[in-house]
$ cat upload-v2.cif   # mmCIF, C-alpha atoms and all ligand atoms
data_structure
#
loop_
_atom_site.group_PDB
_atom_site.id
_atom_site.type_symbol
_atom_site.label_atom_id
_atom_site.label_comp_id
_atom_site.auth_asym_id
_atom_site.auth_seq_id
_atom_site.Cartn_x
_atom_site.Cartn_y
_atom_site.Cartn_z
ATOM 1 C CA MET A 1 -21.692 39.800 -27.165
ATOM 2 C CA GLN A 2 -23.118 36.985 -25.078
ATOM 3 C CA ASP A 3 -24.022 35.065 -28.255
ATOM 4 C CA MET A 4 -20.444 35.188 -29.421
ATOM 5 C CA LEU A 5 -19.365 33.023 -26.482
ATOM 6 C CA ARG A 6 -19.257 29.363 -27.232
ATOM 7 C CA MET A 7 -21.882 27.546 -25.226
ATOM 8 C CA GLU A 8 -21.104 24.093 -23.981
ATOM 9 C CA ARG A 9 -23.413 21.321 -25.192
ATOM 10 C CA PHE A 10 -23.720 17.795 -23.869
ATOM 11 C CA PRO A 11 -24.557 15.165 -26.532
ATOM 12 C CA GLU A 12 -26.976 13.366 -24.203
ATOM 13 C CA LEU A 13 -28.905 16.616 -23.660
ATOM 14 C CA TRP A 14 -28.888 17.998 -27.170
ATOM 15 C CA PHE A 15 -31.653 16.092 -28.927
ATOM 16 C CA GLU A 16 -31.772 16.513 -32.696
ATOM 17 C CA ASP A 17 -35.560 16.595 -32.657
ATOM 18 C CA GLY A 18 -35.788 18.486 -29.347
ATOM 19 C CA ASN A 19 -38.275 21.363 -29.429
ATOM 20 C CA VAL A 20 -37.056 23.774 -26.781
ATOM 21 C CA VAL A 21 -33.620 25.201 -26.045
ATOM 22 C CA PHE A 22 -32.559 26.311 -22.588
ATOM 23 C CA GLN A 23 -29.471 28.282 -21.820
ATOM 24 C CA THR A 24 -27.518 28.776 -18.624
ATOM 25 C CA GLU A 25 -24.549 31.080 -18.349
ATOM 26 C CA THR A 26 -22.186 28.560 -19.892
ATOM 27 C CA ALA A 27 -24.201 25.765 -21.505
ATOM 28 C CA GLU A 28 -27.236 25.086 -23.639
ATOM 29 C CA PHE A 29 -29.632 22.174 -23.805
ATOM 30 C CA ARG A 30 -32.147 21.087 -26.461
ATOM 31 C CA VAL A 31 -34.841 18.947 -24.906
ATOM 32 C CA TYR A 32 -38.570 18.224 -25.090
ATOM 33 C CA ARG A 33 -41.221 20.669 -23.919
ATOM 34 C CA GLY A 34 -43.995 18.145 -23.455
ATOM 35 C CA ILE A 35 -41.964 15.945 -21.135
ATOM 36 C CA LEU A 36 -40.776 18.898 -19.041
ATOM 37 C CA ALA A 37 -44.310 20.250 -18.784
ATOM 38 C CA ALA A 38 -45.575 16.847 -17.666
ATOM 39 C CA ARG A 39 -42.929 16.526 -14.931
ATOM 40 C CA SER A 40 -42.858 20.056 -13.557
ATOM 41 C CA SER A 41 -45.592 22.597 -12.901
ATOM 42 C CA VAL A 42 -43.019 25.384 -13.053
ATOM 43 C CA PHE A 43 -41.814 24.390 -16.520
ATOM 44 C CA ARG A 44 -45.434 23.855 -17.533
ATOM 45 C CA ASN A 45 -46.275 27.440 -16.619
ATOM 46 C CA MET A 46 -43.074 28.739 -18.119
ATOM 47 C CA LEU A 47 -43.759 27.000 -21.425
ATOM 48 C CA SER A 48 -47.457 27.714 -21.564
ATOM 49 C CA ILE A 49 -48.587 30.127 -24.243
ATOM 50 C CA PRO A 50 -49.891 32.738 -24.615
ATOM 51 C CA HIS A 51 -48.614 35.177 -22.060
ATOM 52 C CA PRO A 52 -48.097 38.441 -23.903
ATOM 53 C CA ARG A 53 -45.678 40.089 -21.498
ATOM 54 C CA SER A 54 -43.575 37.040 -20.831
ATOM 55 C CA SER A 55 -40.042 37.058 -22.080
ATOM 56 C CA PHE A 56 -40.288 33.271 -22.199
ATOM 57 C CA THR A 57 -43.137 33.484 -24.684
ATOM 58 C CA GLN A 58 -41.173 35.833 -26.834
ATOM 59 C CA ALA A 59 -38.229 33.502 -26.716
ATOM 60 C CA ILE A 60 -40.319 30.520 -27.756
ATOM 61 C CA HIS A 61 -41.844 32.361 -30.709
ATOM 62 C CA ASP A 62 -38.446 33.414 -31.894
ATOM 63 C CA GLU A 63 -37.034 29.959 -31.265
ATOM 64 C CA GLN A 64 -34.440 31.626 -29.133
ATOM 65 C CA PRO A 65 -33.042 29.872 -26.078
ATOM 66 C CA ILE A 66 -34.825 30.339 -22.767
ATOM 67 C CA ARG A 67 -32.429 31.651 -20.149
ATOM 68 C CA LEU A 68 -32.318 29.892 -16.796
ATOM 69 C CA PRO A 69 -30.559 31.457 -13.811
ATOM 70 C CA ASP A 70 -29.244 28.115 -12.507
ATOM 71 C CA SER A 71 -25.746 26.753 -13.057
ATOM 72 C CA ALA A 72 -24.928 24.454 -15.975
ATOM 73 C CA GLN A 73 -24.159 21.645 -13.513
ATOM 74 C CA GLU A 74 -27.548 22.016 -11.823
ATOM 75 C CA ILE A 75 -29.502 21.981 -15.076
ATOM 76 C CA ARG A 76 -27.389 19.194 -16.522
ATOM 77 C CA SER A 77 -28.111 17.030 -13.456
ATOM 78 C CA LEU A 78 -31.806 17.900 -13.511
ATOM 79 C CA PHE A 79 -32.321 17.272 -17.232
ATOM 80 C CA SER A 80 -30.245 14.079 -17.118
ATOM 81 C CA ALA A 81 -32.488 12.796 -14.322
ATOM 82 C CA ILE A 82 -35.600 13.649 -16.336
ATOM 83 C CA PHE A 83 -34.499 12.423 -19.767
ATOM 84 C CA ASP A 84 -32.443 9.380 -18.719
ATOM 85 C CA SER A 85 -34.355 7.244 -16.238
ATOM 86 C CA SER A 86 -31.196 5.394 -15.149
ATOM 87 C CA PHE A 87 -29.233 8.571 -14.355
ATOM 88 C CA PHE A 88 -30.589 9.172 -10.856
ATOM 89 C CA GLU A 89 -32.185 6.261 -9.064
ATOM 90 C CA ARG A 90 -33.295 5.688 -5.501
ATOM 91 C CA PRO A 91 -30.898 4.235 -2.935
ATOM 92 C CA PRO A 92 -29.207 1.799 -2.627
ATOM 93 C CA VAL A 93 -28.084 2.763 -6.146
ATOM 94 C CA LYS A 94 -25.184 5.146 -5.599
ATOM 95 C CA ALA A 95 -25.198 8.807 -6.578
ATOM 96 C CA ARG A 96 -22.594 11.563 -6.442
ATOM 97 C CA LEU A 97 -23.116 14.211 -3.762
ATOM 98 C CA SER A 98 -23.022 17.112 -6.237
ATOM 99 C CA VAL A 99 -25.770 15.426 -8.273
ATOM 100 C CA VAL A 100 -27.905 14.640 -5.212
ATOM 101 C CA LEU A 101 -27.692 18.252 -4.028
ATOM 102 C CA ALA A 102 -28.299 19.761 -7.465
ATOM 103 C CA ILE A 103 -31.369 17.572 -7.947
ATOM 104 C CA ALA A 104 -32.631 18.372 -4.450
ATOM 105 C CA ARG A 105 -32.401 22.125 -5.209
ATOM 106 C CA MET A 106 -33.781 21.903 -8.742
ATOM 107 C CA GLY A 107 -36.494 19.378 -7.788
ATOM 108 C CA HIS A 108 -37.612 21.804 -5.088
ATOM 109 C CA LYS A 109 -37.375 24.894 -7.273
ATOM 110 C CA TYR A 110 -39.110 23.431 -10.336
ATOM 111 C CA ASP A 111 -41.622 21.396 -8.330
ATOM 112 C CA ILE A 112 -40.604 17.915 -9.423
ATOM 113 C CA ALA A 113 -41.731 15.946 -6.389
ATOM 114 C CA TYR A 114 -40.448 12.497 -7.345
ATOM 115 C CA LEU A 115 -36.903 13.758 -7.918
ATOM 116 C CA LEU A 116 -36.875 15.842 -4.756
ATOM 117 C CA GLU A 117 -38.078 12.853 -2.749
ATOM 118 C CA ARG A 118 -35.416 10.632 -4.291
ATOM 119 C CA ALA A 119 -32.689 13.142 -3.421
ATOM 120 C CA LEU A 120 -33.990 13.354 0.158
ATOM 121 C CA GLU A 121 -33.909 9.554 0.411
ATOM 122 C CA HIS A 122 -30.198 9.615 -0.425
ATOM 123 C CA LEU A 123 -29.538 12.405 2.068
ATOM 124 C CA ALA A 124 -31.583 10.722 4.805
ATOM 125 C CA ILE A 125 -29.178 7.769 4.867
ATOM 126 C CA SER A 126 -26.175 9.991 5.553
ATOM 127 C CA TYR A 127 -28.111 12.484 7.735
ATOM 128 C CA PRO A 128 -30.640 10.253 9.500
ATOM 129 C CA ARG A 129 -33.172 10.894 12.247
ATOM 130 C CA THR A 130 -32.277 7.927 14.472
ATOM 131 C CA LEU A 131 -29.098 7.089 16.353
ATOM 132 C CA ASP A 132 -29.231 3.535 15.066
ATOM 133 C CA ASN A 133 -29.107 4.751 11.468
ATOM 134 C CA TRP A 134 -26.431 7.302 12.323
ATOM 135 C CA ASP A 135 -24.188 4.480 13.576
ATOM 136 C CA LYS A 136 -24.818 2.456 10.426
ATOM 137 C CA ARG A 137 -24.385 5.250 7.919
ATOM 138 C CA ASP A 138 -20.795 4.445 6.972
ATOM 139 C CA TYR A 139 -21.979 1.065 5.701
ATOM 140 C CA THR A 140 -25.349 2.062 4.287
ATOM 141 C CA ARG A 141 -24.671 5.424 2.628
ATOM 142 C CA SER A 142 -25.577 5.706 -1.048
ATOM 143 C CA ILE A 143 -23.837 9.027 -1.626
ATOM 144 C CA ILE A 144 -20.432 9.091 -3.267
ATOM 145 C CA HIS A 145 -18.255 11.945 -2.019
ATOM 146 C CA GLU A 146 -16.281 13.557 -4.822
ATOM 147 C CA VAL A 147 -14.477 15.776 -2.313
ATOM 148 C CA LYS A 148 -12.621 14.040 0.504
ATOM 149 C CA LEU A 149 -12.931 16.927 2.954
ATOM 150 C CA GLY A 150 -15.785 16.090 5.347
ATOM 151 C CA VAL A 151 -16.320 19.694 6.444
ATOM 152 C CA THR A 152 -16.843 20.796 2.819
ATOM 153 C CA ASN A 153 -19.365 18.033 2.150
ATOM 154 C CA ASN A 154 -21.271 18.685 5.363
ATOM 155 C CA LEU A 155 -21.482 22.432 4.708
ATOM 156 C CA CYS A 156 -22.683 21.807 1.140
ATOM 157 C CA VAL A 157 -25.427 19.554 2.494
ATOM 158 C CA LEU A 158 -26.321 22.072 5.214
ATOM 159 C CA ASN A 159 -26.576 24.930 2.700
ATOM 160 C CA THR A 160 -28.823 22.943 0.378
ATOM 161 C CA ALA A 161 -30.960 21.574 3.224
ATOM 162 C CA LEU A 162 -31.515 25.155 4.459
ATOM 163 C CA GLN A 163 -32.281 26.402 0.969
ATOM 164 C CA ILE A 164 -35.014 23.813 0.461
ATOM 165 C CA SER A 165 -36.138 23.696 4.140
ATOM 166 C CA ALA A 166 -35.447 19.968 4.415
ATOM 167 C CA THR A 167 -36.562 19.670 8.030
ATOM 168 C CA THR A 168 -35.780 15.953 8.235
ATOM 169 C CA ILE A 169 -32.149 16.470 7.218
ATOM 170 C CA LEU A 170 -31.338 19.705 9.036
ATOM 171 C CA PRO A 171 -30.690 18.558 12.640
ATOM 172 C CA ALA A 172 -28.200 15.862 11.586
ATOM 173 C CA ALA A 173 -26.641 18.213 9.009
ATOM 174 C CA PHE A 174 -26.030 20.891 11.687
ATOM 175 C CA TYR A 175 -24.675 18.250 14.053
ATOM 176 C CA ALA A 176 -22.362 16.792 11.376
ATOM 177 C CA CYS A 177 -20.893 20.269 10.733
ATOM 178 C CA ALA A 178 -20.467 20.936 14.444
ATOM 179 C CA ARG A 179 -18.428 17.742 14.913
ATOM 180 C CA ARG A 180 -15.602 19.501 13.112
ATOM 181 C CA ASP A 181 -13.003 21.905 14.374
ATOM 182 C CA LEU A 182 -14.558 25.380 14.445
ATOM 183 C CA LYS A 183 -11.657 26.953 12.550
ATOM 184 C CA ASP A 184 -12.076 24.460 9.704
ATOM 185 C CA VAL A 185 -15.762 25.338 9.498
ATOM 186 C CA LEU A 186 -15.197 29.122 9.522
ATOM 187 C CA ASP A 187 -12.367 28.899 6.960
ATOM 188 C CA ASN A 188 -14.448 26.837 4.555
ATOM 189 C CA ARG A 189 -16.036 28.497 1.538
ATOM 190 C CA GLY A 190 -19.349 26.845 2.442
ATOM 191 C CA TRP A 191 -19.478 28.935 5.625
ATOM 192 C CA CYS A 192 -19.682 32.174 3.608
ATOM 193 C CA GLU A 193 -22.756 30.847 1.820
ATOM 194 C CA LEU A 194 -24.710 30.558 5.092
ATOM 195 C CA GLY A 195 -26.909 33.533 5.906
ATOM 196 C CA GLU A 196 -26.362 35.519 9.119
ATOM 197 C CA THR A 197 -29.310 33.855 10.875
ATOM 198 C CA HIS A 198 -28.019 30.379 10.112
ATOM 199 C CA LYS A 199 -24.471 31.256 11.108
ATOM 200 C CA ARG A 200 -25.830 32.352 14.463
ATOM 201 C CA GLN A 201 -27.973 29.203 14.723
ATOM 202 C CA PHE A 202 -24.895 27.077 14.036
ATOM 203 C CA LEU A 203 -22.616 28.902 16.485
ATOM 204 C CA LEU A 204 -25.129 28.778 19.338
ATOM 205 C CA GLY A 205 -25.584 25.062 18.677
ATOM 206 C CA TYR A 206 -21.832 24.543 18.455
ATOM 207 C CA VAL A 207 -21.310 25.969 21.924
ATOM 208 C CA LYS A 208 -24.086 23.793 23.347
ATOM 209 C CA GLN A 209 -22.711 20.729 21.606
ATOM 210 C CA THR A 210 -19.251 21.379 23.046
ATOM 211 C CA SER A 211 -20.722 21.659 26.565
ATOM 212 C CA ALA A 212 -22.572 18.395 26.015
ATOM 213 C CA CYS A 213 -19.241 16.762 25.106
ATOM 214 C CA LYS A 214 -17.690 17.870 28.358
ATOM 215 C CA ALA A 215 -20.562 16.364 30.320
ATOM 216 C CA PHE A 216 -20.613 13.150 28.354
ATOM 217 C CA HIS A 217 -17.707 11.311 29.981
ATOM 218 C CA ARG A 218 -19.846 10.981 33.120
ATOM 219 C CA PHE A 219 -20.951 7.586 31.887
ATOM 220 C CA LEU A 220 -17.591 6.410 33.296
ATOM 221 C CA ARG A 221 -18.720 7.289 36.795
ATOM 222 C CA TRP A 222 -18.966 4.334 39.191
ATOM 223 C CA PRO A 223 -22.463 2.851 38.715
ATOM 224 C CA GLU A 224 -22.741 1.963 42.454
ATOM 225 C CA ASP A 225 -24.352 -1.360 41.690
ATOM 226 C CA GLU A 226 -25.107 -3.320 44.860
ATOM 227 C CA ASP A 227 -23.781 -6.473 43.200
ATOM 228 C CA CYS A 228 -20.346 -4.880 42.685
ATOM 229 C CA GLN A 229 -17.682 -7.384 43.679
ATOM 230 C CA GLU A 230 -15.039 -4.911 44.899
ATOM 231 C CA PRO A 231 -16.759 -1.593 45.715
ATOM 232 C CA SER A 232 -13.756 0.300 47.056
ATOM 233 C CA LYS A 233 -11.495 -0.687 44.153
ATOM 234 C CA CYS A 234 -14.147 -0.147 41.495
ATOM 235 C CA GLU A 235 -15.048 3.277 42.858
ATOM 236 C CA ARG A 236 -11.403 4.372 42.986
ATOM 237 C CA LYS A 237 -10.592 3.057 39.483
ATOM 238 C CA SER A 238 -13.760 4.611 38.061
ATOM 239 C CA ARG A 239 -12.555 8.020 39.202
ATOM 240 C CA VAL A 240 -9.275 7.498 37.374
ATOM 241 C CA TRP A 241 -11.107 6.490 34.207
ATOM 242 C CA GLU A 242 -13.422 9.466 34.392
ATOM 243 C CA ALA A 243 -10.567 11.910 34.954
ATOM 244 C CA SER A 244 -8.392 10.461 32.202
ATOM 245 C CA ASN A 245 -11.201 10.752 29.660
ATOM 246 C CA GLU A 246 -12.184 14.345 30.342
ATOM 247 C CA ASP A 247 -10.570 15.557 27.141
ATOM 248 C CA TRP A 248 -11.415 12.545 25.076
ATOM 249 C CA PHE A 249 -14.285 14.136 23.188
ATOM 250 C CA ASP A 250 -13.705 17.381 21.487
ATOM 251 C CA HIS A 251 -16.874 18.064 19.597
ATOM 252 C CA ASP A 252 -18.444 14.698 19.040
ATOM 253 C CA PRO A 253 -20.012 12.803 21.932
ATOM 254 C CA LEU A 254 -21.217 10.095 19.582
ATOM 255 C CA GLU A 255 -17.752 9.016 18.620
ATOM 256 C CA ILE A 256 -17.595 5.316 19.456
ATOM 257 C CA TRP A 257 -15.851 4.613 22.765
ATOM 258 C CA ASP A 258 -14.269 1.192 22.663
ATOM 259 C CA ASN A 259 -12.125 0.668 25.732
ATOM 260 C CA TRP A 260 -14.336 -1.859 27.480
ATOM 261 C CA ASP A 261 -11.701 -4.624 27.458
ATOM 262 C CA LYS A 262 -9.150 -2.316 29.086
ATOM 263 C CA MET A 263 -11.721 -1.176 31.599
ATOM 264 C CA ALA A 264 -12.496 -4.792 32.495
ATOM 265 C CA VAL A 265 -8.939 -5.124 33.837
ATOM 266 C CA ASP A 266 -9.657 -2.402 36.439
ATOM 267 C CA LEU A 267 -13.346 -2.843 37.247
ATOM 268 C CA CYS A 268 -15.462 -5.861 38.093
ATOM 269 C CA GLY A 269 -17.804 -7.299 35.468
ATOM 270 C CA VAL A 270 -20.893 -5.846 37.118
ATOM 271 C CA CYS A 271 -19.453 -2.325 37.050
ATOM 272 C CA VAL A 272 -18.281 -2.626 33.433
ATOM 273 C CA LEU A 273 -21.821 -3.639 32.478
ATOM 274 C CA GLY A 274 -23.198 -0.730 34.517
ATOM 275 C CA CYS A 275 -20.915 1.723 32.694
ATOM 276 C CA LYS A 276 -21.951 0.257 29.340
ATOM 277 C CA GLU A 277 -25.568 0.826 30.240
ATOM 278 C CA GLN A 278 -24.802 4.440 31.272
ATOM 279 C CA TYR A 279 -22.932 4.904 28.009
ATOM 280 C CA LEU A 280 -25.860 3.754 25.864
ATOM 281 C CA ILE A 281 -28.281 5.960 27.790
ATOM 282 C CA ALA A 282 -25.964 8.983 27.513
ATOM 283 C CA ARG A 283 -25.528 8.502 23.754
ATOM 284 C CA GLN A 284 -29.268 8.216 23.193
ATOM 285 C CA GLU A 285 -29.957 11.252 25.388
ATOM 286 C CA PHE A 286 -27.417 13.272 23.456
ATOM 287 C CA TRP A 287 -28.875 12.186 20.127
ATOM 288 C CA ASP A 288 -32.386 13.092 21.273
ATOM 289 C CA SER A 289 -31.149 16.558 22.252
ATOM 290 C CA ILE A 290 -29.597 17.408 18.848
ATOM 291 C CA PRO A 291 -32.627 19.169 17.303
ATOM 292 C CA GLU A 292 -32.970 21.345 20.410
ATOM 293 C CA LEU A 293 -29.253 22.248 20.404
ATOM 294 C CA PHE A 294 -29.757 23.849 16.998
ATOM 295 C CA GLY A 295 -33.113 25.436 17.705
ATOM 296 C CA PHE A 296 -35.465 22.856 16.173
ATOM 297 C CA SER A 297 -38.503 21.394 17.880
ATOM 298 C CA GLY A 298 -37.801 17.854 16.652
ATOM 299 C CA TRP A 299 -36.371 15.689 13.901
ATOM 300 C CA GLY A 300 -38.798 17.002 11.289
ATOM 301 C CA ALA A 301 -41.516 15.105 9.520
ATOM 302 C CA SER A 302 -40.815 13.357 6.256
ATOM 303 C CA GLU A 303 -42.969 14.105 3.231
ATOM 304 C CA LYS A 304 -44.860 10.846 3.678
ATOM 305 C CA GLU A 305 -45.597 11.583 7.351
ATOM 306 C CA MET A 306 -46.740 15.088 6.433
ATOM 307 C CA ASP A 307 -49.106 13.604 3.858
ATOM 308 C CA GLN A 308 -50.390 11.192 6.484
ATOM 309 C CA THR A 309 -50.918 14.006 9.007
ATOM 310 C CA MET A 310 -52.789 16.001 6.395
ATOM 311 C CA ALA A 311 -54.923 13.003 5.517
ATOM 312 C CA ASP A 312 -55.670 12.299 9.192
ATOM 313 C CA SER A 313 -56.722 15.861 9.873
ATOM 314 C CA MET A 314 -59.177 15.952 6.973
HETATM 315 ZN ZN ZN B 1 -17.496 -3.294 40.668
#
$ encode --input "upload-v2.cif" --output "structure tokens" --more "lines below"
Ligand SMILES: [Zn+2]
Amino acid sequence: MQDMLRMERFPELWFEDGNVVFQTETAEFRVYRGILAARSSVFRNMLSIPHPRSSFTQAIHDEQPIRLPDSAQEIRSLFSAIFDSSFFERPPVKARLSVVLAIARMGHKYDIAYLLERALEHLAISYPRTLDNWDKRDYTRSIIHEVKLGVTNNLCVLNTALQISATTILPAAFYACARRDLKDVLDNRGWCELGETHKRQFLLGYVKQTSACKAFHRFLRWPEDEDCQEPSKCERKSRVWEASNEDWFDHDPLEIWDNWDKMAVDLCGVCVLGCKEQYLIARQEFWDSIPELFGFSGWGASEKEMDQTMADSM
């Protein structure tokens, strides 16, 4: 009955002289075996003949489609990236989030290192390992969000990053999800896709991140600088500032605080500078603590660094 269903075909992935047909649940693709085998060890093995007990082999002999368990969107993105060199380029060329994630998953699954690396480069701009890059990401990001809801996008990234063990992306992806209201996270469909272990990892981190937010406003405390021009006034006003900002952060200590001009009306210049210094230190300390909040030992090593470590140890 399956064959009776009309399979979707995409003109750009249905080559007249293609020599292998793949089928997902809803679509089929006619592409080139040699190119796939050259790009991917998994496809190479899948397409290699003979292998008497392989259903793939049977399918090839019969010129029947080879079934793939992935979604049509995933395979369409993957094959487009392989057969059209302009479809998925490195940053700063823009790419849609759904495409980046599909290629990250498929590149990982089918062992296509250059595509996986490219997808990780896009993700690393939005989910970086340094605070400096985190602050710049709104201007530098190469990913186009098709869905406007931040919590949905962040959970999609988190799910994919977990699936492919993208250690360099994971701490910032967990943090980005935990910046949101907990109810919005739990009500999102992406939450259901997380396994029990990762749900627990997220919730433990969420609680720690919330505690860190409560502690963060301490940068407003009087810096007690000996050059302070009006110690009694500055100390008193600092207390008011600290108290009035206790609820300022909900879940995100890295939210930019920009009340320095207002503060300069109450405190002397030396104390404002002192608070700014405390603020920068507190932000950096919080950033440095993110991997630990979510149970990681650090920000993860990128593929290139891993290669370097391997090379050094040999
Ligand atoms: Zn002062």
$ resolve_selection --input "upload-v2.cif" --expression "the PyMOL selection byres (((chain A and resi 17) around 12) and not hetatm)" --output "PyMOL selection string"
chain A and resi 13-16+18-21+30-33
$ write_last_selection --input "upload-v2.cif" --atoms "C-alpha atoms" --output "mmCIF file, in the coordinates of the input"
data_model
loop_
_atom_site.group_PDB
_atom_site.id
_atom_site.type_symbol
_atom_site.label_atom_id
_atom_site.label_comp_id
_atom_site.auth_asym_id
_atom_site.auth_seq_id
_atom_site.Cartn_x
_atom_site.Cartn_y
_atom_site.Cartn_z
ATOM 1 C CA LEU A 13 -28.905 16.616 -23.660
ATOM 2 C CA TRP A 14 -28.888 17.998 -27.170
ATOM 3 C CA PHE A 15 -31.653 16.092 -28.927
ATOM 4 C CA GLU A 16 -31.772 16.513 -32.696
ATOM 5 C CA GLY A 18 -35.788 18.486 -29.347
ATOM 6 C CA ASN A 19 -38.275 21.363 -29.429
ATOM 7 C CA VAL A 20 -37.056 23.774 -26.781
ATOM 8 C CA VAL A 21 -33.620 25.201 -26.045
ATOM 9 C CA ARG A 30 -32.147 21.087 -26.461
ATOM 10 C CA VAL A 31 -34.841 18.947 -24.906
ATOM 11 C CA TYR A 32 -38.570 18.224 -25.090
ATOM 12 C CA ARG A 33 -41.221 20.669 -23.919
#
$ closest_atom_pairs --input "upload-v2.cif" --of "range 147-191 of chain A" --to "range 204-223 of chain A" --cutoff "9 Å" --atoms "only C-alpha atoms" --output "JSON lines"
{"residue": "A:Phe174", "atom": "CA", "partner": "A:Gly205", "partner_atom": "CA", "distance": 8.2}
{"residue": "A:Tyr175", "atom": "CA", "partner": "A:Gln209", "partner_atom": "CA", "distance": 8.2}
{"residue": "A:Cys177", "atom": "CA", "partner": "A:Tyr206", "partner_atom": "CA", "distance": 8.9}
{"residue": "A:Ala178", "atom": "CA", "partner": "A:Tyr206", "partner_atom": "CA", "distance": 5.6}
{"residue": "A:Arg179", "atom": "CA", "partner": "A:Tyr206", "partner_atom": "CA", "distance": 8.4}
{"residue": "A:Leu182", "atom": "CA", "partner": "A:Tyr206", "partner_atom": "CA", "distance": 8.3}
$ closest_residue --input "upload-v2.cif" --among "A:Arg96, A:Arg180, A:Arg9, A:Lys237" --to "Ile143 in chain A" --atoms "all atoms listed in the file"
A:Arg96
$ residues_near_ligand --input "upload-v2.cif" --ligand "ligand ZN 1 (chain B)" --cutoff "6 Å" --atoms "only C-alpha atoms and all ligand atoms" --output "list in words"
Cys228, Gln229, Glu230, Pro231, Cys234, Leu267, Cys268, Val270 and Cys271 of chain A
$ closest_residue --input "upload-v2.cif" --among "A:Ile281, A:Ile144, A:Leu131, A:Met46" --to "Gly34 in chain A" --atoms "all atoms listed in the file"
A:Met46
$ residues_around --input "upload-v2.cif" --residues "Asp266 in chain A" --least-positions-apart "2" --cutoff "10 Å" --atoms "only C-alpha atoms" --output "count of residues only"
15
$ atom_distance --input "upload-v2.cif" --atom1 "CA of Trp134 in chain A" --atom2 "CA of Ser165 in chain A"
20.7 Å
$ residues_around --input "upload-v2.cif" --residues "Gln163 in chain A" --least-positions-apart "5" --cutoff "10 Å" --atoms "only C-alpha atoms" --output "list in words"
Ala104, Arg105, His108, Lys109, Val157, Leu158 and Leu194 of chain A
$ axis_aligned_box --input "upload-v2.cif" --around "range 121-134 of chain A" --padding-each-side "3 Å" --output "AutoDock Vina command-line options"
--center_x -30.0 --center_y 8.0 --center_z 8.0 --size_x 13.7 --size_y 14.9 --size_z 22.8
$ atom_distance --input "upload-v2.cif" --atom1 "CA of Ala38 in chain A" --atom2 "CA of Phe87 in chain A"
18.6 Å
$ residues_around --input "upload-v2.cif" --residues "Leu78 in chain A" --least-positions-apart "5" --cutoff "8 Å" --atoms "all atoms listed in the file" --output "list of chain:residue names"
A:Ala102, A:Ile103, A:Met106, A:Gly107
$ resolve_selection --input "upload-v2.cif" --expression "the PyMOL selection byres (((chain A and resi 283-292) around 8) and not hetatm)" --output "list of chain:residue names"
A:Thr130, A:Leu131, A:Pro171, A:Ala172, A:Tyr175, A:Ala212, A:Pro253, A:Leu254, A:Tyr279, A:Leu280, A:Ile281, A:Ala282, A:Leu293, A:Phe294, A:Gly295, A:Phe296, A:Ser297, A:Gly298, A:Trp299
$ closest_residue --input "upload-v2.cif" --among "A:Phe43, A:Phe83, A:Trp260, A:Tyr127" --to "Glu277 in chain A" --atoms "only C-alpha atoms"
A:Trp260
$ build_atoms --input "upload-v2.cif" --residues "range 165-176 of chain A" --atoms "N, CA and C atoms" --output "PDB file, in the frame of the given file"
ATOM      1  N   SER A 165     -35.443  23.977   2.867  1.00  0.00           N
ATOM      2  CA  SER A 165     -36.138  23.696   4.140  1.00  0.00           C
ATOM      3  C   SER A 165     -36.381  22.200   4.353  1.00  0.00           C
ATOM      4  N   ALA A 166     -35.326  21.418   4.219  1.00  0.00           N
ATOM      5  CA  ALA A 166     -35.447  19.968   4.415  1.00  0.00           C
ATOM      6  C   ALA A 166     -35.388  19.656   5.911  1.00  0.00           C
ATOM      7  N   THR A 167     -36.531  19.754   6.559  1.00  0.00           N
ATOM      8  CA  THR A 167     -36.562  19.670   8.030  1.00  0.00           C
ATOM      9  C   THR A 167     -36.076  18.321   8.562  1.00  0.00           C
ATOM     10  N   THR A 168     -36.205  17.278   7.752  1.00  0.00           N
ATOM     11  CA  THR A 168     -35.780  15.953   8.235  1.00  0.00           C
ATOM     12  C   THR A 168     -34.258  15.796   8.194  1.00  0.00           C
ATOM     13  N   ILE A 169     -33.599  16.587   7.393  1.00  0.00           N
ATOM     14  CA  ILE A 169     -32.149  16.470   7.218  1.00  0.00           C
ATOM     15  C   ILE A 169     -31.408  17.452   8.130  1.00  0.00           C
ATOM     16  N   LEU A 170     -32.050  18.588   8.405  1.00  0.00           N
ATOM     17  CA  LEU A 170     -31.338  19.705   9.036  1.00  0.00           C
ATOM     18  C   LEU A 170     -30.675  19.407  10.386  1.00  0.00           C
ATOM     19  N   PRO A 171     -31.377  18.754  11.354  1.00  0.00           N
ATOM     20  CA  PRO A 171     -30.690  18.558  12.640  1.00  0.00           C
ATOM     21  C   PRO A 171     -29.391  17.763  12.490  1.00  0.00           C
ATOM     22  N   ALA A 172     -29.418  16.663  11.741  1.00  0.00           N
ATOM     23  CA  ALA A 172     -28.200  15.862  11.586  1.00  0.00           C
ATOM     24  C   ALA A 172     -27.148  16.606  10.754  1.00  0.00           C
ATOM     25  N   ALA A 173     -27.603  17.446   9.817  1.00  0.00           N
ATOM     26  CA  ALA A 173     -26.641  18.213   9.009  1.00  0.00           C
ATOM     27  C   ALA A 173     -25.925  19.250   9.883  1.00  0.00           C
ATOM     28  N   PHE A 174     -26.663  19.938  10.750  1.00  0.00           N
ATOM     29  CA  PHE A 174     -26.030  20.891  11.687  1.00  0.00           C
ATOM     30  C   PHE A 174     -25.048  20.140  12.594  1.00  0.00           C
ATOM     31  N   TYR A 175     -25.529  19.014  13.135  1.00  0.00           N
ATOM     32  CA  TYR A 175     -24.675  18.250  14.053  1.00  0.00           C
ATOM     33  C   TYR A 175     -23.392  17.800  13.343  1.00  0.00           C
ATOM     34  N   ALA A 176     -23.530  17.291  12.117  1.00  0.00           N
ATOM     35  CA  ALA A 176     -22.362  16.792  11.376  1.00  0.00           C
ATOM     36  C   ALA A 176     -21.340  17.918  11.168  1.00  0.00           C
TER      37      ALA A 176
END
